[in-house]
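As stored in start-v3.pdb (PDB, C-alpha atoms):
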ATOM      1  CA  MET A   1       3.993 -33.563  21.783  1.00  0.00           C
ATOM      2  CA  GLY A   2       2.411 -31.429  19.047  1.00  0.00           C
ATOM      3  CA  THR A   3       3.247 -31.631  15.407  1.00  0.00           C
ATOM      4  CA  THR A   4       6.286 -29.713  14.195  1.00  0.00           C
ATOM      5  CA  ARG A   5       5.501 -26.561  12.235  1.00  0.00           C
ATOM      6  CA  HIS A   6       7.258 -26.120   8.940  1.00  0.00           C
ATOM      7  CA  ARG A   7       9.028 -22.797   8.783  1.00  0.00           C
ATOM      8  CA  GLY A   8      10.416 -20.569   6.094  1.00  0.00           C
ATOM      9  CA  PRO A   9       8.969 -18.560   3.213  1.00  0.00           C
ATOM     10  CA  VAL A  10       8.352 -21.611   1.031  1.00  0.00           C
ATOM     11  CA  ALA A  11       6.315 -23.287   3.756  1.00  0.00           C
ATOM     12  CA  GLU A  12       4.375 -20.064   4.272  1.00  0.00           C
ATOM     13  CA  ALA A  13       3.555 -19.849   0.572  1.00  0.00           C
ATOM     14  CA  ARG A  14       2.432 -23.478   0.529  1.00  0.00           C
ATOM     15  CA  ARG A  15       0.119 -22.773   3.436  1.00  0.00           C
ATOM     16  CA  LEU A  16      -1.293 -19.467   2.179  1.00  0.00           C
ATOM     17  CA  PHE A  17      -1.779 -19.832  -1.564  1.00  0.00           C
ATOM     18  CA  PRO A  18      -3.987 -22.947  -1.591  1.00  0.00           C
ATOM     19  CA  ASP A  19      -6.313 -21.166   0.841  1.00  0.00           C
ATOM     20  CA  VAL A  20      -6.334 -18.024  -1.314  1.00  0.00           C
ATOM     21  CA  TRP A  21      -6.907 -19.963  -4.518  1.00  0.00           C
ATOM     22  CA  GLY A  22      -9.746 -21.915  -2.948  1.00  0.00           C
ATOM     23  CA  ARG A  23     -11.483 -18.732  -1.852  1.00  0.00           C
ATOM     24  CA  VAL A  24     -11.031 -17.076  -5.233  1.00  0.00           C
ATOM     25  CA  ARG A  25     -12.451 -20.126  -7.017  1.00  0.00           C
ATOM     26  CA  ALA A  26     -15.382 -20.288  -4.628  1.00  0.00           C
ATOM     27  CA  GLY A  27     -16.251 -16.591  -4.921  1.00  0.00           C
ATOM     28  CA  GLY A  28     -15.202 -15.990  -8.529  1.00  0.00           C
ATOM     29  CA  LEU A  29     -14.638 -12.463  -9.737  1.00  0.00           C
ATOM     30  CA  ARG A  30     -17.504 -11.294  -7.531  1.00  0.00           C
ATOM     31  CA  GLY A  31     -15.335 -12.139  -4.540  1.00  0.00           C
ATOM     32  CA  VAL A  32     -12.687  -9.543  -5.390  1.00  0.00           C
ATOM     33  CA  PRO A  33     -14.633  -6.360  -6.308  1.00  0.00           C
ATOM     34  CA  VAL A  34     -12.039  -3.966  -4.856  1.00  0.00           C
ATOM     35  CA  THR A  35      -9.245  -5.590  -6.864  1.00  0.00           C
ATOM     36  CA  LEU A  36     -11.240  -5.398 -10.094  1.00  0.00           C
ATOM     37  CA  ALA A  37     -12.267  -1.796  -9.431  1.00  0.00           C
ATOM     38  CA  ALA A  38      -8.676  -0.836  -8.590  1.00  0.00           C
ATOM     39  CA  CYS A  39      -7.329  -2.330 -11.827  1.00  0.00           C
ATOM     40  CA  ALA A  40     -10.072  -0.722 -13.897  1.00  0.00           C
ATOM     41  CA  GLY A  41      -9.480   2.604 -12.179  1.00  0.00           C
ATOM     42  CA  ILE A  42      -5.726   2.500 -12.754  1.00  0.00           C
ATOM     43  CA  LEU A  43      -6.143   1.734 -16.441  1.00  0.00           C
ATOM     44  CA  ALA A  44      -8.857   4.378 -16.905  1.00  0.00           C
ATOM     45  CA  LEU A  45      -6.872   7.070 -15.109  1.00  0.00           C
ATOM     46  CA  GLN A  46      -3.747   6.174 -17.073  1.00  0.00           C
ATOM     47  CA  ILE A  47      -5.651   6.836 -20.294  1.00  0.00           C
ATOM     48  CA  LEU A  48      -7.337   9.998 -19.022  1.00  0.00           C
ATOM     49  CA  GLN A  49      -4.167  11.589 -17.707  1.00  0.00           C
ATOM     50  CA  HIS A  50      -2.553  11.256 -21.133  1.00  0.00           C
ATOM     51  CA  ARG A  51      -5.447  12.888 -22.967  1.00  0.00           C
ATOM     52  CA  HIS A  52      -5.224  16.637 -23.383  1.00  0.00           C
ATOM     53  CA  ALA A  53      -8.931  17.157 -22.725  1.00  0.00           C
ATOM     54  CA  THR A  54      -8.994  15.297 -19.404  1.00  0.00           C
ATOM     55  CA  THR A  55      -5.487  15.545 -17.927  1.00  0.00           C
ATOM     56  CA  GLY A  56      -6.367  18.744 -16.055  1.00  0.00           C
ATOM     57  CA  TRP A  57      -9.409  17.142 -14.409  1.00  0.00           C
ATOM     58  CA  VAL A  58      -7.393  14.113 -13.356  1.00  0.00           C
ATOM     59  CA  GLU A  59      -4.789  16.401 -11.817  1.00  0.00           C
ATOM     60  CA  ARG A  60      -7.351  18.492  -9.942  1.00  0.00           C
ATOM     61  CA  LEU A  61      -9.250  15.497  -8.588  1.00  0.00           C
ATOM     62  CA  GLY A  62      -6.415  13.099  -7.782  1.00  0.00           C
ATOM     63  CA  GLY A  63      -3.113  14.939  -7.882  1.00  0.00           C
ATOM     64  CA  VAL A  64      -1.633  14.989  -4.363  1.00  0.00           C
ATOM     65  CA  TYR A  65       1.417  17.089  -3.472  1.00  0.00           C
ATOM     66  CA  ALA A  66       3.077  17.653  -0.111  1.00  0.00           C
ATOM     67  CA  SER A  67       2.722  21.392  -0.658  1.00  0.00           C
ATOM     68  CA  LEU A  68      -1.089  21.254  -0.860  1.00  0.00           C
ATOM     69  CA  PRO A  69      -3.265  22.232   2.116  1.00  0.00           C
ATOM     70  CA  TRP A  70      -3.888  19.108   4.146  1.00  0.00           C
ATOM     71  CA  TRP A  71      -7.653  19.110   3.582  1.00  0.00           C
ATOM     72  CA  VAL A  72      -7.191  19.280  -0.198  1.00  0.00           C
ATOM     73  CA  ALA A  73      -4.731  16.378  -0.094  1.00  0.00           C
ATOM     74  CA  LEU A  74      -7.165  14.402   2.092  1.00  0.00           C
ATOM     75  CA  LEU A  75     -10.036  14.920  -0.350  1.00  0.00           C
ATOM     76  CA  ARG A  76      -7.875  13.801  -3.265  1.00  0.00           C
ATOM     77  CA  THR A  77      -6.382  10.762  -1.523  1.00  0.00           C
ATOM     78  CA  PRO A  78      -9.043   8.154  -2.488  1.00  0.00           C
ATOM     79  CA  LEU A  79      -8.567   8.845  -6.205  1.00  0.00           C
ATOM     80  CA  SER A  80      -4.812   9.370  -5.870  1.00  0.00           C
ATOM     81  CA  LEU A  81      -4.526   5.793  -4.612  1.00  0.00           C
ATOM     82  CA  PHE A  82      -5.345   4.581  -8.134  1.00  0.00           C
ATOM     83  CA  LEU A  83      -3.623   7.334 -10.123  1.00  0.00           C
ATOM     84  CA  PRO A  84      -0.423   5.876 -11.596  1.00  0.00           C
ATOM     85  CA  ASP A  85       2.810   7.695 -12.221  1.00  0.00           C
ATOM     86  CA  PRO A  86       2.617   8.715 -15.897  1.00  0.00           C
ATOM     87  CA  GLU A  87       6.316   7.898 -16.347  1.00  0.00           C
ATOM     88  CA  LEU A  88       6.099   4.293 -15.135  1.00  0.00           C
ATOM     89  CA  PRO A  89       4.769   1.251 -17.050  1.00  0.00           C
ATOM     90  CA  VAL A  90       1.182   0.749 -15.962  1.00  0.00           C
ATOM     91  CA  TRP A  91       1.108  -3.023 -16.537  1.00  0.00           C
ATOM     92  CA  GLY A  92       3.620  -3.712 -13.787  1.00  0.00           C
ATOM     93  CA  LEU A  93       1.496  -1.668 -11.410  1.00  0.00           C
ATOM     94  CA  VAL A  94      -1.676  -3.518 -12.401  1.00  0.00           C
ATOM     95  CA  LEU A  95       0.089  -6.854 -11.840  1.00  0.00           C
ATOM     96  CA  GLN A  96       1.098  -5.801  -8.317  1.00  0.00           C
ATOM     97  CA  VAL A  97      -2.483  -4.786  -7.547  1.00  0.00           C
ATOM     98  CA  VAL A  98      -3.940  -8.010  -8.956  1.00  0.00           C
ATOM     99  CA  VAL A  99      -1.636 -10.164  -6.834  1.00  0.00           C
ATOM    100  CA  VAL A 100      -1.531  -8.253  -3.546  1.00  0.00           C
ATOM    101  CA  PHE A 101      -5.030  -6.753  -3.513  1.00  0.00           C
ATOM    102  CA  GLY A 102      -6.442 -10.075  -4.737  1.00  0.00           C
ATOM    103  CA  ILE A 103      -4.761 -12.066  -1.968  1.00  0.00           C
ATOM    104  CA  ALA A 104      -5.779  -9.505   0.623  1.00  0.00           C
ATOM    105  CA  GLU A 105      -9.386  -9.327  -0.525  1.00  0.00           C
ATOM    106  CA  ALA A 106      -9.725 -13.102  -0.641  1.00  0.00           C
ATOM    107  CA  THR A 107      -8.430 -13.476   2.908  1.00  0.00           C
ATOM    108  CA  ILE A 108      -9.457 -10.374   4.871  1.00  0.00           C
ATOM    109  CA  GLY A 109     -12.416  -9.131   2.819  1.00  0.00           C
ATOM    110  CA  PRO A 110     -13.011  -6.071   0.625  1.00  0.00           C
ATOM    111  CA  ARG A 111     -13.750  -3.525   3.364  1.00  0.00           C
ATOM    112  CA  ARG A 112     -10.652  -4.273   5.374  1.00  0.00           C
ATOM    113  CA  THR A 113      -8.548  -4.408   2.200  1.00  0.00           C
ATOM    114  CA  LEU A 114      -9.674  -0.929   1.198  1.00  0.00           C
ATOM    115  CA  ALA A 115      -9.254   0.412   4.741  1.00  0.00           C
ATOM    116  CA  VAL A 116      -5.680  -0.888   5.067  1.00  0.00           C
ATOM    117  CA  ALA A 117      -4.812   0.415   1.594  1.00  0.00           C
ATOM    118  CA  LEU A 118      -6.097   3.895   2.429  1.00  0.00           C
ATOM    119  CA  LEU A 119      -4.337   3.958   5.810  1.00  0.00           C
ATOM    120  CA  ALA A 120      -0.998   2.973   4.284  1.00  0.00           C
ATOM    121  CA  THR A 121      -1.430   5.635   1.591  1.00  0.00           C
ATOM    122  CA  LEU A 122      -2.291   8.291   4.159  1.00  0.00           C
ATOM    123  CA  ALA A 123       0.773   7.325   6.191  1.00  0.00           C
ATOM    124  CA  GLY A 124       2.976   7.964   3.166  1.00  0.00           C
ATOM    125  CA  THR A 125       1.248  11.253   2.390  1.00  0.00           C
ATOM    126  CA  GLY A 126       1.659  12.357   5.995  1.00  0.00           C
ATOM    127  CA  LEU A 127       5.358  11.528   5.947  1.00  0.00           C
ATOM    128  CA  ALA A 128       5.837  13.581   2.770  1.00  0.00           C
ATOM    129  CA  ARG A 129       4.273  16.576   4.495  1.00  0.00           C
ATOM    130  CA  TYR A 130       6.542  16.046   7.504  1.00  0.00           C
ATOM    131  CA  CYS A 131       9.628  15.961   5.275  1.00  0.00           C
ATOM    132  CA  LEU A 132       8.584  19.196   3.594  1.00  0.00           C
ATOM    133  CA  TRP A 133       7.858  20.884   6.930  1.00  0.00           C
ATOM    134  CA  ALA A 134      10.953  19.610   8.755  1.00  0.00           C
ATOM    135  CA  GLY A 135      13.461  20.747   6.170  1.00  0.00           C
ATOM    136  CA  PRO A 136      16.976  19.412   5.564  1.00  0.00           C
ATOM    137  CA  ARG A 137      18.184  19.447   9.175  1.00  0.00           C
ATOM    138  CA  TRP A 138      15.820  16.785  10.469  1.00  0.00           C
ATOM    139  CA  PRO A 139      15.833  12.981  10.020  1.00  0.00           C
ATOM    140  CA  LEU A 140      14.423  11.638   6.739  1.00  0.00           C
ATOM    141  CA  ALA A 141      15.323  14.885   4.996  1.00  0.00           C
ATOM    142  CA  LEU A 142      15.056  15.018   1.220  1.00  0.00           C
ATOM    143  CA  PRO A 143      15.950  17.692  -1.322  1.00  0.00           C
ATOM    144  CA  HIS A 144      13.177  20.262  -1.563  1.00  0.00           C
ATOM    145  CA  ALA A 145      12.588  19.501  -5.255  1.00  0.00           C
ATOM    146  CA  ASP A 146      11.950  15.811  -4.487  1.00  0.00           C
ATOM    147  CA  LEU A 147       9.054  16.788  -2.233  1.00  0.00           C
ATOM    148  CA  LEU A 148       7.243  18.818  -4.890  1.00  0.00           C
ATOM    149  CA  VAL A 149       6.606  15.904  -7.264  1.00  0.00           C
ATOM    150  CA  ARG A 150       3.148  14.358  -7.581  1.00  0.00           C
ATOM    151  CA  ASP A 151       2.569  11.853  -4.809  1.00  0.00           C
ATOM    152  CA  THR A 152       0.128   9.273  -6.185  1.00  0.00           C
ATOM    153  CA  GLY A 153      -0.215   5.575  -6.906  1.00  0.00           C
ATOM    154  CA  PRO A 154      -0.945   2.341  -5.005  1.00  0.00           C
ATOM    155  CA  SER A 155       2.614   1.305  -4.160  1.00  0.00           C
ATOM    156  CA  ALA A 156       2.405   2.201  -0.451  1.00  0.00           C
ATOM    157  CA  ALA A 157      -0.960   0.439  -0.261  1.00  0.00           C
ATOM    158  CA  VAL A 158       0.487  -2.669  -1.927  1.00  0.00           C
ATOM    159  CA  VAL A 159       3.352  -2.832   0.564  1.00  0.00           C
ATOM    160  CA  GLY A 160       1.109  -2.150   3.556  1.00  0.00           C
ATOM    161  CA  LEU A 161      -1.383  -4.806   2.493  1.00  0.00           C
ATOM    162  CA  GLY A 162       1.412  -7.304   1.960  1.00  0.00           C
ATOM    163  CA  VAL A 163       2.640  -6.865   5.523  1.00  0.00           C
ATOM    164  CA  TYR A 164      -0.877  -6.877   6.966  1.00  0.00           C
ATOM    165  CA  VAL A 165      -1.882 -10.114   5.261  1.00  0.00           C
ATOM    166  CA  ALA A 166       1.418 -11.770   6.180  1.00  0.00           C
ATOM    167  CA  LEU A 167       0.931 -10.888   9.837  1.00  0.00           C
ATOM    168  CA  ARG A 168      -2.670 -12.050   9.841  1.00  0.00           C
ATOM    169  CA  HIS A 169      -1.570 -15.455   8.536  1.00  0.00           C
ATOM    170  CA  ARG A 170       1.470 -15.718  10.825  1.00  0.00           C
ATOM    171  CA  ALA A 171       3.745 -15.623   7.781  1.00  0.00           C
ATOM    172  CA  TRP A 172       6.570 -14.118   9.789  1.00  0.00           C
ATOM    173  CA  TRP A 173       9.280 -14.780   7.203  1.00  0.00           C
ATOM    174  CA  THR A 174       7.270 -13.067   4.490  1.00  0.00           C
ATOM    175  CA  ALA A 175       6.442 -10.086   6.685  1.00  0.00           C
ATOM    176  CA  GLY A 176      10.092  -9.778   7.722  1.00  0.00           C
ATOM    177  CA  ALA A 177      11.261  -9.949   4.112  1.00  0.00           C
ATOM    178  CA  ILE A 178       8.913  -7.130   3.088  1.00  0.00           C
ATOM    179  CA  VAL A 179       9.978  -4.946   6.006  1.00  0.00           C
ATOM    180  CA  ALA A 180      13.672  -5.615   5.334  1.00  0.00           C
ATOM    181  CA  ALA A 181      13.225  -4.796   1.639  1.00  0.00           C
ATOM    182  CA  MET A 182      11.541  -1.480   2.454  1.00  0.00           C
ATOM    183  CA  VAL A 183      14.267  -0.525   4.924  1.00  0.00           C
ATOM    184  CA  LEU A 184      16.950  -1.413   2.384  1.00  0.00           C
ATOM    185  CA  GLU A 185      15.161   0.631  -0.287  1.00  0.00           C
ATOM    186  CA  ALA A 186      14.918   3.692   1.963  1.00  0.00           C
ATOM    187  CA  VAL A 187      18.555   3.460   3.074  1.00  0.00           C
ATOM    188  CA  SER A 188      20.203   2.619  -0.239  1.00  0.00           C
ATOM    189  CA  ILE A 189      18.201   4.955  -2.498  1.00  0.00           C
ATOM    190  CA  PRO A 190      16.721   7.745  -0.369  1.00  0.00           C
ATOM    191  CA  ASN A 191      13.684   9.121  -2.166  1.00  0.00           C
ATOM    192  CA  LEU A 192      10.095  10.052  -1.432  1.00  0.00           C
ATOM    193  CA  ALA A 193       8.629   6.776  -2.711  1.00  0.00           C
ATOM    194  CA  GLY A 194      10.948   4.679  -0.537  1.00  0.00           C
ATOM    195  CA  TYR A 195      10.188   6.746   2.553  1.00  0.00           C
ATOM    196  CA  GLU A 196       6.464   6.477   1.922  1.00  0.00           C
ATOM    197  CA  HIS A 197       6.657   2.706   1.548  1.00  0.00           C
ATOM    198  CA  LEU A 198       8.458   2.572   4.879  1.00  0.00           C
ATOM    199  CA  ALA A 199       5.821   4.832   6.462  1.00  0.00           C
ATOM    200  CA  GLY A 200       3.028   2.563   5.258  1.00  0.00           C
ATOM    201  CA  VAL A 201       4.785  -0.491   6.682  1.00  0.00           C
ATOM    202  CA  ALA A 202       5.486   1.272   9.978  1.00  0.00           C
ATOM    203  CA  LEU A 203       1.827   2.216  10.424  1.00  0.00           C
ATOM    204  CA  ILE A 204       0.661  -1.346   9.760  1.00  0.00           C
ATOM    205  CA  LEU A 205       3.192  -2.710  12.247  1.00  0.00           C
ATOM    206  CA  LEU A 206       2.031  -0.208  14.870  1.00  0.00           C
ATOM    207  CA  LEU A 207      -1.606  -1.148  14.315  1.00  0.00           C
ATOM    208  CA  ALA A 208      -0.734  -4.845  14.517  1.00  0.00           C
ATOM    209  CA  ALA A 209       1.184  -4.282  17.752  1.00  0.00           C
ATOM    210  CA  ALA A 210      -1.721  -2.313  19.233  1.00  0.00           C
ATOM    211  CA  ARG A 211      -4.125  -5.067  18.207  1.00  0.00           C
ATOM    212  CA  ALA A 212      -1.933  -7.716  19.821  1.00  0.00           C
ATOM    213  CA  MET A 213      -1.652  -5.721  23.047  1.00  0.00           C
ATOM    214  CA  GLY A 214      -5.396  -5.159  23.093  1.00  0.00           C
ATOM    215  CA  ARG A 215      -5.965  -8.904  22.799  1.00  0.00           C
ATOM    216  CA  GLY A 216      -3.518  -9.762  25.541  1.00  0.00           C
ATOM    217  CA  GLY A 217      -0.273  -9.869  23.587  1.00  0.00           C
ATOM    218  CA  GLY A 218       1.462 -12.772  21.962  1.00  0.00           C
ATOM    219  CA  ALA A 219       2.246 -13.534  18.346  1.00  0.00           C
ATOM    220  CA  ASP A 220      -0.917 -15.557  17.783  1.00  0.00           C
ATOM    221  CA  SER A 221      -3.108 -12.588  18.690  1.00  0.00           C
ATOM    222  CA  LEU A 222      -1.943 -10.796  15.534  1.00  0.00           C
ATOM    223  CA  ALA A 223      -3.680 -13.402  13.425  1.00  0.00           C
ATOM    224  CA  ARG A 224      -7.062 -13.337  15.127  1.00  0.00           C
TER     225      ARG A 224
END
Written as structure tokens, how would this file's structure read?
Amino acid sequence: MGTTRHRGPVAEARRLFPDVWGRVRAGGLRGVPVTLAACAGILALQILQHRHATTGWVERLGGVYASLPWWVALLRTPLSLFLPDPELPVWGLVLQVVVVFGIAEATIGPRRTLAVALLATLAGTGLARYCLWAGPRWPLALPHADLLVRDTGPSAAVVGLGVYVALRHRAWWTAGAIVAAMVLEAVSIPNLAGYEHLAGVALILLLAAARAMGRGGGADSLAR
């Protein structure tokens, strides 16, 4: 008989974090260039958007709104990923990026980290446009005013990356906890941010399911 697998979120953390820490120590700061660039970008944009001389440029280059033409929103999406909400404390956002982006980059590499982050962000942006187009009579409806706020920041990317990395490492409890938290957020406090987090998670789950089916199905195929 094979050895018994330890289960639960604590066991998952014990399995994942030593591996992550070992990779970070081996590669140093050069091993997490996307994480460093993301943190630097967030801090720089936070400063620029609060300066009178540059706030207009930041808005024109990275400000995404559901009411914009889709091609304009698409062009602004890469910068919008790192453009923080001016009303929220930036240090909490940077901490999220350091932890989640750092873990992701150390385990799945910089290119895949950036790709997953952009896909999760685009999923949220697409859902915002759906909500604006569908109006109040359709599912996931929101007040019209809620859909006209600036739609930027890395929160959807952070959530999407968290689920992706958890699935890749067969951390089923962790992935389930993130999904459950996003569903609870969207149900208990319906707002654009909560819906976009859920959209990012849903896209990652769909991609993971497609990957598993393409590799013959089974839970283990998600991690390959």
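This file, queried with the PyMOL selection byres ((chain A and resi 23) around 12), gives the residues Leu16, Phe17, Pro18, Asp19, Val20, Trp21, Gly22, Val24, Arg25, Ala26, Gly27, Gly28, Leu29, Arg30, Gly31, Val32, Gly102, Ile103, Ala104, Glu105, Ala106, Thr107, Ile108 and Gly109 of chain A.
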* Would you please work out which residue, of A:Thr55, A:Thr174, A:Asn191, A:Thr125, is nearest to Trp71 in chain A when using only C-alpha atoms? => A:Thr125
* To do: On this file, the PyMOL selection byres ((chain A and resi 192-197) around 10) gives some set of residues; write that set as a VMD selection string.
  => chain A and resid 120 to 128 131 140 to 143 146 to 149 151 to 153 155 to 160 179 181 to 191 198 to 202
Listing only residues of range 82-102 of chain A within 12 Å of range 57-62 of chain A, what is the closest atom pair and its distance in Å (to one decimal) for each, using all atoms listed in the file, sorted by chain and residue number ascending, as a Markdown table?
| residue | atom | partner | partner_atom | distance |
| --- | --- | --- | --- | --- |
| A:Phe82 | CA | A:Gly62 | CA | 8.6 |
| A:Leu83 | CA | A:Gly62 | CA | 6.8 |
| A:Pro84 | CA | A:Gly62 | CA | 10.1 |
| A:Asp85 | CA | A:Glu59 | CA | 11.6 |
| A:Pro86 | CA | A:Glu59 | CA | 11.4 |
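Distance-wise, CA of Ala37 in chain A and CA of Leu119 in chain A end up 18.1 Å apart.
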* Computed interatomic separation between CA of Val94 in chain A and CA of Ala40 in chain A (Å) -> 9.0 Å
* Structure fact -> Correct to one decimal, the distance CA of Pro69 in chain A-CA of Pro136 in chain A is 20.7 Å
* **Contact residues around Gly8 in chain A with all atoms listed in the file at 10 Å, ignoring same-chain residues under 4 positions, as a VMD selection string** => chain A and resid 12 to 13 171 to 174
For those residues, write C-alpha atoms to a file as a tab-separated table (two decimals), in the frame of the given file.
chain	number	residue	atom	x	y	z
A	12	GLU	CA	4.38	-20.06	4.27
A	13	ALA	CA	3.56	-19.85	0.57
A	171	ALA	CA	3.74	-15.62	7.78
A	172	TRP	CA	6.57	-14.12	9.79
A	173	TRP	CA	9.28	-14.78	7.20
A	174	THR	CA	7.27	-13.07	4.49
* Closest of A:Pro110, A:Gly162, A:Pro89, A:Gly41 to Ala177 in chain A - atom-to-atom distances counting all atoms listed in the file ->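 Ranked by minimum distance to Ala177 in chain A, first place goes to A:Gly162.
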* Structure fact -> Closest of A:Ala180, A:Ile42, A:Ala212, A:Leu167 to Gln96 in chain A, counting all atoms listed in the file, is A:Ile42
Only N, CA and C atoms, as a short mmCIF file (atom, residue, chain, number, x, y, z; two decimals), in the first residue's frame: that is what I want for range 33-50 of chain A.
data_model
loop_
_atom_site.label_atom_id
_atom_site.label_comp_id
_atom_site.auth_asym_id
_atom_site.auth_seq_id
_atom_site.Cartn_x
_atom_site.Cartn_y
_atom_site.Cartn_z
N PRO A 33 11.23 38.73 -11.42
CA PRO A 33 11.23 40.05 -12.06
C PRO A 33 9.84 40.65 -12.22
N VAL A 34 8.83 39.81 -12.50
CA VAL A 34 7.48 40.32 -12.68
C VAL A 34 6.94 40.88 -11.36
N THR A 35 7.22 40.18 -10.27
CA THR A 35 6.77 40.65 -8.96
C THR A 35 7.40 41.99 -8.61
N LEU A 36 8.70 42.10 -8.83
CA LEU A 36 9.39 43.36 -8.53
C LEU A 36 8.87 44.49 -9.42
N ALA A 37 8.69 44.20 -10.71
CA ALA A 37 8.20 45.23 -11.63
C ALA A 37 6.77 45.64 -11.26
N ALA A 38 5.95 44.67 -10.85
CA ALA A 38 4.57 44.98 -10.48
C ALA A 38 4.54 45.89 -9.25
N CYS A 39 5.35 45.59 -8.24
CA CYS A 39 5.38 46.42 -7.04
C CYS A 39 5.89 47.82 -7.35
N ALA A 40 6.95 47.90 -8.14
CA ALA A 40 7.49 49.20 -8.52
C ALA A 40 6.47 50.00 -9.33
N GLY A 41 5.77 49.31 -10.23
CA GLY A 41 4.77 49.98 -11.04
C GLY A 41 3.61 50.50 -10.21
N ILE A 42 3.15 49.70 -9.27
CA ILE A 42 2.04 50.13 -8.41
C ILE A 42 2.42 51.37 -7.61
N LEU A 43 3.61 51.35 -7.02
CA LEU A 43 4.05 52.48 -6.22
C LEU A 43 4.24 53.73 -7.09
N ALA A 44 4.84 53.56 -8.27
CA ALA A 44 5.06 54.70 -9.16
C ALA A 44 3.74 55.29 -9.64
N LEU A 45 2.81 54.43 -10.03
CA LEU A 45 1.52 54.93 -10.51
C LEU A 45 0.71 55.57 -9.39
N GLN A 46 0.85 55.06 -8.18
CA GLN A 46 0.17 55.67 -7.04
C GLN A 46 0.65 57.11 -6.85
N ILE A 47 1.94 57.32 -6.98
CA ILE A 47 2.49 58.67 -6.84
C ILE A 47 2.04 59.56 -8.00
N LEU A 48 2.13 59.03 -9.22
CA LEU A 48 1.82 59.83 -10.40
C LEU A 48 0.35 60.22 -10.46
N GLN A 49 -0.54 59.33 -10.03
CA GLN A 49 -1.95 59.65 -10.13
C GLN A 49 -2.40 60.68 -9.10
N HIS A 50 -1.55 60.94 -8.11
CA HIS A 50 -1.87 61.96 -7.11
C HIS A 50 -1.14 63.28 -7.37
#
